[in-house]
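A.B. asks: Dumping the structure here so I can ask a few things about it.
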Amino acid sequence: MTPGARAQAAILCLDAIEGGTPAEKVLTNWARGARYAGSRDRAAVRDLVFDILRRWWSVAIRGGGTTGRARMIGYLREIGGLEGVFDVDPYGPGPLTDVEQAGGRRPEGREALDWPEWLWPELDRSLGPEAEPVARAMRDRAPVFLRANPLKTNRDAAIEQLAAEGITARAHPLSPTAIEVIDRTRAIPGSHAFHQGLIEIQDAASQAVIDRLPPVTGLRVLDFCAGGGGKTLALAAHRPARLHAHDKFRDRMKDLLTRATRAGAGVKVVNTPDPCGYDLVLADAPCSGSGAWRRQPHGKISMNDSGLEALLKRQDEVLSASACYVAPGGYLAYATCSIFDAENGDRVAAFLESHPEFRLIDAHRFTPLDGGDGFYIAILQLSP
Ligand SMILES: C[S@@+](CC[C@H](N)C(=O)[O-])C[C@H]1O[C@@H](n2cnc3c(N)ncnc32)[C@H](O)[C@@H]1O
């Protein structure tokens, strides 16, 4: 596909997203119908759509409208790529009209930060002076991070193996296992390093969250919201005495055991965890994902008041439900990939009010300014 044809495909996808269809669904539908598109084309269209989702409001201002076409114009104006896309090939978007040529303006003040208007108060309350820098950072793509798997290798050896496969990567300071991929990121899933279980794809802050837990080695551990198992595998690398993975929606763990086998990780999937049976329970709760909106930018444009309210309720439920699996003297770790106090410190405070037998011993928030996604981790201890 030509650059113009890719832009036109992205424009149609953006219109469907504006119409209310989730971005992933729109891209899947488009790819199904576009048999002529190769994998590079699909990746390029996806990148365009995601880049524009991250800058959803400012590109509309620059482009002079909220259609996919206007947003594309605004985006290309911002990055300086308008030339050579409109009216250069029959599969691309038609020529710019006089109105389009004259339309649009520079976004002013916070307009240029592409943060949802209704969420500014919560971002300001949560991050104070970091609110604007974090919002700005969320306009750009996130780096691709890997976790070196200590069950099979060490970080330097993993980086060397990647280099031998033509993938440039370097150590990242957020975690002793974190590796940042510099180029050929799309080659990772097909690499030997990946298939041999030397590396996992995992955000650096997600790894740092696990590093902040009490020493896991030798503990009985429950990952209460295991999902796809990203954190389960990172926990396994610390060699707990026993590691159980659980999720209310068992289907979400369907790949977990395959991943664990590849990683050489010992983990058992359980439907019913043992009451009071764990020295450490990790509750990686469902959340807005606001810390990871660089990777899933559709969340930034689709989250609303009632959706957030519903999440707060679920987070309270997860905290209460997970607490009964903690053994006396054991730890309950509450984590989210949100940067909002409403989902983090406020939930912990509400939990402690109704569970005075727990005390808070540590809490930390990561933001994209640390390099990885935004995450929160609080560690609570149950009295003996
Ligand atoms: C943030 S995701 C977990 C991500 C996962 N830990 C990882 O690192 O890949 C949250 C998970 O919590 C699960 N969940 C939601 N409500 C739950 C509940 N009441 N009890 C247990 N798990 C729940 C969801 O199915 C989802 O898989």
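Each chain in the structure tokens gets a letter, A, B and so on, in the order shown; residues start at 1 in every chain, and ligands are counted from 1 in the order they appear.
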Select from region 290-335 of chain A every residue with an atom at most 12 Å from any atom of region 19-32 of chain A, then for each give the shortest pair of atoms and their distance in Å to one decimal, using only C-alpha atoms, rows by chain and rising number, as a tab-separated table.

C.D. replies:
```
residue	atom	partner	partner_atom	distance
A:Arg295	CA	A:Glu24	CA	11.9
A:Gln296	CA	A:Ala23	CA	9.2
A:Pro297	CA	A:Ala23	CA	8.9
A:His298	CA	A:Ala23	CA	6.2
A:Gly299	CA	A:Pro22	CA	9.2
A:Lys300	CA	A:Ala23	CA	11.5
A:Ile301	CA	A:Pro22	CA	10.1
A:Ser302	CA	A:Pro22	CA	8.5
A:Met303	CA	A:Pro22	CA	11.5
```

A.B. asks: Take the residues that were just selected and, keeping N, CA and C atoms, output them as a compact mmCIF listing (two decimals), in the first residue's frame.

C.D. replies:
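As a result, again-v4.txt now contains:
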```txt
# COMPACT_ATOMS: atom_id res chain seq x y z
N ARG A 295 -0.09 2.73 25.47
CA ARG A 295 -0.18 1.46 24.74
C ARG A 295 -1.60 1.17 24.29
N GLN A 296 -2.56 1.52 25.13
CA GLN A 296 -3.98 1.30 24.78
C GLN A 296 -4.70 2.64 24.77
N PRO A 297 -4.42 3.47 23.77
CA PRO A 297 -4.93 4.85 23.80
C PRO A 297 -6.44 4.95 23.66
N HIS A 298 -7.08 3.86 23.22
CA HIS A 298 -8.54 3.97 23.10
C HIS A 298 -9.17 4.20 24.47
N GLY A 299 -8.52 3.67 25.52
CA GLY A 299 -9.03 3.88 26.88
C GLY A 299 -9.13 5.36 27.22
N LYS A 300 -8.19 6.13 26.71
CA LYS A 300 -8.15 7.57 27.03
C LYS A 300 -9.38 8.28 26.47
N ILE A 301 -9.82 7.86 25.30
CA ILE A 301 -10.96 8.57 24.71
C ILE A 301 -12.31 7.94 25.09
N SER A 302 -12.27 6.70 25.61
CA SER A 302 -13.57 6.04 25.86
C SER A 302 -13.96 6.00 27.34
N MET A 303 -13.01 6.19 28.24
CA MET A 303 -13.34 6.12 29.66
C MET A 303 -14.33 7.23 30.01
```

A.B. asks: Could you give me, as a ChimeraX atom specification, every polymer residue with an atom at most 9 Å away from an atom of ligand 1, counting only C-alpha atoms and all ligand atoms?

C.D. replies: /A:202,206,223-234,246-253,282-287,289,314-315,317-319,321-322,335-337

A.B. asks: Convert the current residue selection to file output with N, CA and C atoms, as a compact mmCIF listing (two decimals), in the first residue's frame.

C.D. replies:
```
# COMPACT_ATOMS: atom_id res chain seq x y z
N GLN A 202 7.15 -7.54 28.67
CA GLN A 202 6.51 -6.99 29.88
C GLN A 202 7.05 -5.59 30.15
N SER A 206 5.92 -2.64 35.28
CA SER A 206 5.23 -3.85 35.73
C SER A 206 6.23 -4.78 36.42
N ASP A 223 -1.45 -15.35 43.08
CA ASP A 223 -1.73 -14.23 42.16
C ASP A 223 -3.24 -14.27 41.92
N PHE A 224 -3.97 -13.40 42.63
CA PHE A 224 -5.42 -13.51 42.69
C PHE A 224 -6.10 -13.05 41.40
N CYS A 225 -5.50 -12.12 40.68
CA CYS A 225 -6.06 -11.61 39.42
C CYS A 225 -5.04 -11.88 38.32
N ALA A 226 -4.80 -13.14 38.02
CA ALA A 226 -3.63 -13.51 37.20
C ALA A 226 -3.79 -13.12 35.74
N GLY A 227 -5.00 -13.11 35.20
CA GLY A 227 -5.20 -12.75 33.79
C GLY A 227 -4.26 -13.55 32.89
N GLY A 228 -3.61 -12.86 31.97
CA GLY A 228 -2.69 -13.53 31.03
C GLY A 228 -1.41 -14.02 31.69
N GLY A 229 -1.16 -13.61 32.92
CA GLY A 229 -0.04 -14.19 33.68
C GLY A 229 1.26 -13.40 33.63
N GLY A 230 1.23 -12.17 33.14
CA GLY A 230 2.46 -11.38 33.09
C GLY A 230 3.15 -11.32 34.45
N LYS A 231 2.37 -10.98 35.48
CA LYS A 231 2.98 -10.86 36.81
C LYS A 231 3.21 -12.23 37.43
N THR A 232 2.35 -13.20 37.09
CA THR A 232 2.57 -14.55 37.62
C THR A 232 3.95 -15.04 37.24
N LEU A 233 4.32 -14.87 35.98
CA LEU A 233 5.62 -15.37 35.52
C LEU A 233 6.75 -14.59 36.18
N ALA A 234 6.55 -13.30 36.37
CA ALA A 234 7.60 -12.51 37.05
C ALA A 234 7.73 -12.97 38.51
N HIS A 246 -4.95 -17.44 39.98
CA HIS A 246 -6.42 -17.48 40.00
C HIS A 246 -6.94 -16.27 39.25
N ASP A 247 -8.09 -16.41 38.64
CA ASP A 247 -8.77 -15.25 38.05
C ASP A 247 -10.26 -15.56 38.07
N LYS A 248 -11.05 -14.56 38.38
CA LYS A 248 -12.51 -14.76 38.42
C LYS A 248 -13.00 -15.26 37.06
N PHE A 249 -12.33 -14.77 36.00
CA PHE A 249 -12.72 -15.18 34.64
C PHE A 249 -11.62 -16.12 34.12
N ARG A 250 -11.84 -17.41 34.33
CA ARG A 250 -10.78 -18.40 34.08
C ARG A 250 -10.24 -18.34 32.65
N ASP A 251 -11.12 -18.00 31.73
CA ASP A 251 -10.73 -17.90 30.31
C ASP A 251 -9.53 -16.99 30.08
N ARG A 252 -9.46 -15.96 30.92
CA ARG A 252 -8.36 -14.99 30.74
C ARG A 252 -7.01 -15.63 31.01
N MET A 253 -7.02 -16.79 31.67
CA MET A 253 -5.73 -17.46 31.99
C MET A 253 -5.41 -18.54 30.97
N LEU A 282 -1.17 -11.32 45.74
CA LEU A 282 -1.11 -10.16 44.86
C LEU A 282 -2.48 -9.96 44.23
N ALA A 283 -3.03 -8.77 44.42
CA ALA A 283 -4.33 -8.43 43.79
C ALA A 283 -4.07 -7.35 42.74
N ASP A 284 -3.83 -7.79 41.53
CA ASP A 284 -3.54 -6.87 40.40
C ASP A 284 -4.89 -6.54 39.77
N ALA A 285 -5.54 -5.55 40.34
CA ALA A 285 -6.98 -5.35 40.13
C ALA A 285 -7.31 -4.79 38.74
N PRO A 286 -8.53 -5.08 38.26
CA PRO A 286 -8.98 -4.43 37.02
C PRO A 286 -9.03 -2.92 37.25
N CYS A 287 -8.64 -2.15 36.27
CA CYS A 287 -8.56 -0.70 36.48
C CYS A 287 -8.76 0.03 35.15
N GLY A 289 -6.61 1.48 33.50
CA GLY A 289 -5.45 1.33 32.61
C GLY A 289 -4.83 2.68 32.27
N ARG A 314 -15.44 -2.45 41.76
CA ARG A 314 -14.80 -3.75 41.53
C ARG A 314 -13.48 -3.85 42.28
N GLN A 315 -12.78 -2.72 42.34
CA GLN A 315 -11.49 -2.74 43.06
C GLN A 315 -11.72 -3.00 44.55
N GLU A 317 -14.18 -4.68 45.76
CA GLU A 317 -14.55 -6.10 45.87
C GLU A 317 -13.31 -7.00 45.80
N VAL A 318 -12.42 -6.68 44.86
CA VAL A 318 -11.21 -7.50 44.69
C VAL A 318 -10.37 -7.45 45.97
N LEU A 319 -10.23 -6.26 46.53
CA LEU A 319 -9.41 -6.14 47.75
C LEU A 319 -10.01 -6.97 48.88
N ALA A 321 -12.13 -9.47 48.67
CA ALA A 321 -12.14 -10.91 48.36
C ALA A 321 -10.75 -11.51 48.52
N SER A 322 -9.72 -10.79 48.12
CA SER A 322 -8.37 -11.35 48.15
C SER A 322 -7.83 -11.43 49.59
N ALA A 335 -2.29 -3.86 43.42
CA ALA A 335 -1.63 -3.18 42.29
C ALA A 335 -2.66 -2.78 41.25
N THR A 336 -2.37 -1.66 40.58
CA THR A 336 -3.15 -1.28 39.40
C THR A 336 -2.18 -0.70 38.37
N CYS A 337 -2.65 -0.62 37.12
CA CYS A 337 -1.86 0.14 36.14
C CYS A 337 -2.58 1.46 35.89
```

A.B. asks: Let me make sure I understand: among A:Ser354, A:Ser175, A:Thr2, A:Thr258, which one has the smallest atom-to-atom distance to His195 (chain A) if we use only C-alpha atoms?

C.D. replies: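 For His195 (chain A), the nearest of the given residues is A:Thr258.
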
A.B. asks: Just list the residues in region 108-310 of chain A DSSP gives strand (DSSP E or B) on the backbone, as a PyMOL selection string.

C.D. replies: chain A and resi 144-148+169-171+178-181+199-201+220-223+242-245+268-269+278-284

A.B. asks: Just to be explicit: take each residue in the selection above, keep C-alpha atoms, and write the result as a tab-separated table (two decimals), in the first residue's frame.

C.D. replies:
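Saved as out_12.tsv:
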```tsv
chain	number	residue	atom	x	y	z
A	144	VAL	CA	8.91	-1.76	24.07
A	145	PHE	CA	10.24	-3.57	27.13
A	146	LEU	CA	11.20	-7.15	27.79
A	147	ARG	CA	11.83	-9.02	31.01
A	148	ALA	CA	14.91	-11.20	31.10
A	169	ALA	CA	18.28	-3.83	23.07
A	170	ARG	CA	19.73	-2.38	26.26
A	171	ALA	CA	19.33	-2.69	30.00
A	178	ALA	CA	14.15	-4.84	32.37
A	179	ILE	CA	15.37	-4.61	28.78
A	180	GLU	CA	14.40	-1.84	26.39
A	181	VAL	CA	14.21	-2.80	22.73
A	199	ILE	CA	12.54	-13.17	27.60
A	200	GLU	CA	8.94	-12.13	28.13
A	201	ILE	CA	7.28	-9.01	26.77
A	220	ARG	CA	3.44	-19.37	49.44
A	221	VAL	CA	2.11	-16.93	46.86
A	222	LEU	CA	-1.30	-16.37	45.28
A	223	ASP	CA	-1.73	-14.23	42.16
A	242	ARG	CA	4.30	-22.41	45.94
A	243	LEU	CA	2.66	-20.23	43.31
A	244	HIS	CA	-1.06	-20.34	42.62
A	245	ALA	CA	-2.73	-18.37	39.84
A	268	LYS	CA	-0.67	-24.06	39.43
A	269	VAL	CA	-3.95	-22.60	38.22
A	278	TYR	CA	-0.68	-17.65	51.47
A	279	ASP	CA	2.20	-15.57	52.80
A	280	LEU	CA	1.67	-13.15	49.91
A	281	VAL	CA	-1.45	-12.42	47.87
A	282	LEU	CA	-1.11	-10.16	44.86
A	283	ALA	CA	-4.33	-8.43	43.79
A	284	ASP	CA	-3.54	-6.87	40.40
```

A.B. asks: Can you pull out the residues contacting Thr97 (chain A)? Cut-off 12 Å, using only C-alpha atoms, and skip same-chain residues under 6 positions away; I want them as a PyMOL selection string.

C.D. replies: chain A and resi 69-70+73+86-87+103

A.B. asks: Those same residues - N, CA and C atoms - I'd like them written as a PDB file, in the first residue's frame.

C.D. replies:
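File selection01.pdb, as written:
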```pdb
ATOM      1  N   ARG A  69     -10.786  12.255   8.564  1.00  0.00           N
ATOM      2  CA  ARG A  69      -9.988  13.021   7.600  1.00  0.00           C
ATOM      3  C   ARG A  69      -9.398  14.287   8.252  1.00  0.00           C
ATOM      4  N   ALA A  70     -10.242  14.987   9.011  1.00  0.00           N
ATOM      5  CA  ALA A  70      -9.744  16.206   9.677  1.00  0.00           C
ATOM      6  C   ALA A  70      -8.650  15.844  10.674  1.00  0.00           C
ATOM      7  N   ILE A  73      -5.488  15.173   8.875  1.00  0.00           N
ATOM      8  CA  ILE A  73      -4.867  16.444   8.440  1.00  0.00           C
ATOM      9  C   ILE A  73      -4.148  17.086   9.643  1.00  0.00           C
ATOM     10  N   PHE A  86      -2.096  13.591   0.546  1.00  0.00           N
ATOM     11  CA  PHE A  86      -3.391  13.929  -0.059  1.00  0.00           C
ATOM     12  C   PHE A  86      -3.209  14.163  -1.565  1.00  0.00           C
ATOM     13  N   ASP A  87      -4.067  13.525  -2.350  1.00  0.00           N
ATOM     14  CA  ASP A  87      -4.099  13.750  -3.791  1.00  0.00           C
ATOM     15  C   ASP A  87      -2.814  13.358  -4.517  1.00  0.00           C
ATOM     16  N   GLY A 103      -8.517  25.870   7.329  1.00  0.00           N
ATOM     17  CA  GLY A 103      -9.093  25.527   8.635  1.00  0.00           C
ATOM     18  C   GLY A 103      -8.043  25.121   9.657  1.00  0.00           C
TER      19      GLY A 103
END
```

A.B. asks: I'd like the interatomic distance between CA of Thr66 (chain A) and CA of Glu130 (chain A), to a tenth of an Å.

C.D. replies: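 Computing it gives 28.9 Å between the two atoms.
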
A.B. asks: Of the candidates A:Ser58, A:Ser126, A:Gln207, A:Ser338, which one gets nearest to Arg105 (chain A) if we count only C-alpha atoms?

C.D. replies: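 Closest candidate: A:Ser58.
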
A.B. asks: Would you mind listing what lies within 8 Å of region 52-57 of chain A as a ChimeraX atom specification, with only C-alpha atoms counted and same-chain residues fewer than 2 positions away left out?

C.D. replies: /A:48-50,59-61,71-72,75,111-114,138-140,293-294,297-298,300-301

A.B. asks: Since we have the selection now, will you write its residues out, keeping N, CA and C atoms, as a PDB file, in the first residue's frame?

C.D. replies:
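As written to disk, result-v6.pdb reads:
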```pdb
ATOM      1  N   LEU A  48      -0.657   4.457  12.658  1.00  0.00           N
ATOM      2  CA  LEU A  48      -1.284   5.757  12.372  1.00  0.00           C
ATOM      3  C   LEU A  48      -2.512   5.971  13.260  1.00  0.00           C
ATOM      4  N   VAL A  49      -3.351   4.940  13.322  1.00  0.00           N
ATOM      5  CA  VAL A  49      -4.586   5.069  14.118  1.00  0.00           C
ATOM      6  C   VAL A  49      -4.233   5.308  15.590  1.00  0.00           C
ATOM      7  N   PHE A  50      -3.279   4.534  16.105  1.00  0.00           N
ATOM      8  CA  PHE A  50      -2.912   4.675  17.520  1.00  0.00           C
ATOM      9  C   PHE A  50      -2.235   6.016  17.791  1.00  0.00           C
ATOM     10  N   VAL A  59      -5.326  16.977  17.519  1.00  0.00           N
ATOM     11  CA  VAL A  59      -5.287  16.848  16.059  1.00  0.00           C
ATOM     12  C   VAL A  59      -6.604  17.311  15.440  1.00  0.00           C
ATOM     13  N   ALA A  60      -7.700  17.175  16.202  1.00  0.00           N
ATOM     14  CA  ALA A  60      -8.988  17.681  15.703  1.00  0.00           C
ATOM     15  C   ALA A  60      -8.947  19.208  15.618  1.00  0.00           C
ATOM     16  N   ILE A  61      -8.328  19.824  16.614  1.00  0.00           N
ATOM     17  CA  ILE A  61      -8.215  21.297  16.601  1.00  0.00           C
ATOM     18  C   ILE A  61      -7.336  21.729  15.426  1.00  0.00           C
ATOM     19  N   ARG A  71      -8.865  14.766  11.403  1.00  0.00           N
ATOM     20  CA  ARG A  71      -7.847  14.368  12.397  1.00  0.00           C
ATOM     21  C   ARG A  71      -6.544  13.980  11.702  1.00  0.00           C
ATOM     22  N   MET A  72      -6.672  13.315  10.554  1.00  0.00           N
ATOM     23  CA  MET A  72      -5.455  12.949   9.817  1.00  0.00           C
ATOM     24  C   MET A  72      -4.730  14.216   9.353  1.00  0.00           C
ATOM     25  N   TYR A  75      -3.062  15.711  12.359  1.00  0.00           N
ATOM     26  CA  TYR A  75      -1.896  14.917  12.789  1.00  0.00           C
ATOM     27  C   TYR A  75      -0.710  15.163  11.857  1.00  0.00           C
ATOM     28  N   GLU A 111      -5.026  22.279  25.949  1.00  0.00           N
ATOM     29  CA  GLU A 111      -5.576  21.627  24.743  1.00  0.00           C
ATOM     30  C   GLU A 111      -4.506  20.786  24.057  1.00  0.00           C
ATOM     31  N   ALA A 112      -3.261  21.254  24.150  1.00  0.00           N
ATOM     32  CA  ALA A 112      -2.172  20.592  23.426  1.00  0.00           C
ATOM     33  C   ALA A 112      -1.702  19.317  24.129  1.00  0.00           C
ATOM     34  N   LEU A 113      -2.253  19.025  25.319  1.00  0.00           N
ATOM     35  CA  LEU A 113      -1.764  17.876  26.093  1.00  0.00           C
ATOM     36  C   LEU A 113      -2.621  16.633  25.918  1.00  0.00           C
ATOM     37  N   ASP A 114      -3.750  16.782  25.228  1.00  0.00           N
ATOM     38  CA  ASP A 114      -4.588  15.626  24.890  1.00  0.00           C
ATOM     39  C   ASP A 114      -4.985  14.793  26.103  1.00  0.00           C
ATOM     40  N   MET A 138       1.960  10.995  27.601  1.00  0.00           N
ATOM     41  CA  MET A 138       0.948  10.048  27.103  1.00  0.00           C
ATOM     42  C   MET A 138       0.589  10.290  25.638  1.00  0.00           C
ATOM     43  N   ARG A 139       1.104  11.356  25.056  1.00  0.00           N
ATOM     44  CA  ARG A 139       0.834  11.642  23.634  1.00  0.00           C
ATOM     45  C   ARG A 139       1.756  10.840  22.716  1.00  0.00           C
ATOM     46  N   ASP A 140       2.762  10.213  23.309  1.00  0.00           N
ATOM     47  CA  ASP A 140       3.749   9.514  22.476  1.00  0.00           C
ATOM     48  C   ASP A 140       3.697   8.006  22.699  1.00  0.00           C
ATOM     49  N   TRP A 293      -2.087   4.178  28.990  1.00  0.00           N
ATOM     50  CA  TRP A 293      -2.838   4.744  27.854  1.00  0.00           C
ATOM     51  C   TRP A 293      -1.947   5.059  26.654  1.00  0.00           C
ATOM     52  N   ARG A 294      -0.628   5.031  26.825  1.00  0.00           N
ATOM     53  CA  ARG A 294       0.228   5.141  25.630  1.00  0.00           C
ATOM     54  C   ARG A 294       0.094   3.874  24.789  1.00  0.00           C
ATOM     55  N   PRO A 297      -4.423   3.470  23.771  1.00  0.00           N
ATOM     56  CA  PRO A 297      -4.933   4.847  23.805  1.00  0.00           C
ATOM     57  C   PRO A 297      -6.444   4.950  23.662  1.00  0.00           C
ATOM     58  N   HIS A 298      -7.082   3.860  23.218  1.00  0.00           N
ATOM     59  CA  HIS A 298      -8.536   3.969  23.099  1.00  0.00           C
ATOM     60  C   HIS A 298      -9.175   4.203  24.467  1.00  0.00           C
ATOM     61  N   LYS A 300      -8.192   6.128  26.712  1.00  0.00           N
ATOM     62  CA  LYS A 300      -8.152   7.566  27.031  1.00  0.00           C
ATOM     63  C   LYS A 300      -9.376   8.283  26.467  1.00  0.00           C
ATOM     64  N   ILE A 301      -9.822   7.856  25.303  1.00  0.00           N
ATOM     65  CA  ILE A 301     -10.963   8.569  24.705  1.00  0.00           C
ATOM     66  C   ILE A 301     -12.309   7.940  25.090  1.00  0.00           C
TER      67      ILE A 301
END
```

A.B. asks: Please identify all polymer residues within 9 Å of Gly197 (chain A), counting only C-alpha atoms, omitting same-chain residues fewer than 2 positions from it, and present them as a VMD selection string.

C.D. replies: chain A and resid 148 to 149 151 to 153 192 to 195 199 to 200 259 to 264

A.B. asks: Grab the residues selected above and save them as a PDB file, in the first residue's frame with C-alpha atoms.

C.D. replies:
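For reference, again-v1.pdb as written:
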```
ATOM      1  CA  ALA A 148      14.909 -11.204  31.100  1.00  0.00           C
ATOM      2  CA  ASN A 149      13.823 -14.488  32.644  1.00  0.00           C
ATOM      3  CA  LEU A 151      14.897 -18.969  35.451  1.00  0.00           C
ATOM      4  CA  LYS A 152      16.696 -19.382  32.112  1.00  0.00           C
ATOM      5  CA  THR A 153      19.256 -16.622  31.651  1.00  0.00           C
ATOM      6  CA  HIS A 192      14.617 -17.661  19.349  1.00  0.00           C
ATOM      7  CA  ALA A 193      15.146 -15.726  22.559  1.00  0.00           C
ATOM      8  CA  PHE A 194      11.369 -15.485  22.921  1.00  0.00           C
ATOM      9  CA  HIS A 195      10.632 -19.088  21.962  1.00  0.00           C
ATOM     10  CA  ILE A 199      12.540 -13.166  27.600  1.00  0.00           C
ATOM     11  CA  GLU A 200       8.942 -12.128  28.133  1.00  0.00           C
ATOM     12  CA  ARG A 259       3.660 -19.308  28.808  1.00  0.00           C
ATOM     13  CA  ALA A 260       4.747 -20.845  32.123  1.00  0.00           C
ATOM     14  CA  THR A 261       6.073 -23.956  30.367  1.00  0.00           C
ATOM     15  CA  ARG A 262       8.066 -21.833  27.929  1.00  0.00           C
ATOM     16  CA  ALA A 263       9.477 -19.805  30.830  1.00  0.00           C
ATOM     17  CA  GLY A 264      10.288 -22.867  32.962  1.00  0.00           C
TER      18      GLY A 264
END
```

A.B. asks: Can you pull out every residue from region 260-348 of chain A that DSSP, working from the backbone, puts in alpha helix (DSSP H), and format the result as a PyMOL selection string?

C.D. replies: chain A and resi 260-263+298-302+305-323+345-348

A.B. asks: From the set A:Val216, A:Ala204, A:Leu82, A:Ala34, which residue has the shortest atom-to-atom contact distance to Thr367 (chain A), counting only C-alpha atoms?

C.D. replies: A:Ala204

A.B. asks: Quick one: pull the distance between CA of Gly33 (chain A) and CA of Leu12 (chain A), Å, one decimal.

C.D. replies: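 Distance between the two atoms: 12.3 Å.
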
A.B. asks: Record the distance separating CA of Phe366 (chain A) and CA of Val134 (chain A), expressed in Å with one decimal.

C.D. replies: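 These atoms are spaced 10.7 Å apart.
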
A.B. asks: Using only C-alpha atoms, determine which residues lie at most 6 Å from Tyr325 (chain A), disregarding the query and same-chain residues fewer than 5 positions distant; provide the list as a ChimeraX atom specification.

C.D. replies: /A:275-277
